[in-house]
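Student: Supplied in structure tokens, the structure appears directly below.
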Amino acid sequence: MWQKDGIEYQSEYRLESTSELLGIAACPKCGTDMLVIPHVLEGISKDSNGIVESGIRGI
């Protein structure tokens, strides 16, 4: 999450090909944030190809 102009924002991540929303979890080995693709037993980096990040306004 980040704060811009006094308003809190956070990001959501989707697959570019299907617009499917991805979950966010911490890697159990190193604690780094990763994205979780539904029905896939592996996490991927937020910087991976085919991932679209969009900022959404927090409450």
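Ordering of the structure tokens sets the chain letters (A, B, ...); residue numbers start at 1 within each chain; ligands are numbered from 1 in the order shown.
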Near Ser54 (chain A), counting only C-alpha atoms, which residues have an atom at most 12 Å away, once you skip same-chain residues fewer than 2 positions from it, shown as a VMD selection string?

Tutor: chain A and resid 1 9 to 16 19 21 to 22 46 51 to 52 56 to 57

Student: Which residues are near region 38-44 of chain A? Cut-off 9 Å, only C-alpha atoms, ignore same chain within fewer than 2 positions. Put them as a ChimeraX atom specification.

Tutor: /A:20-25,27,34-36,46-48
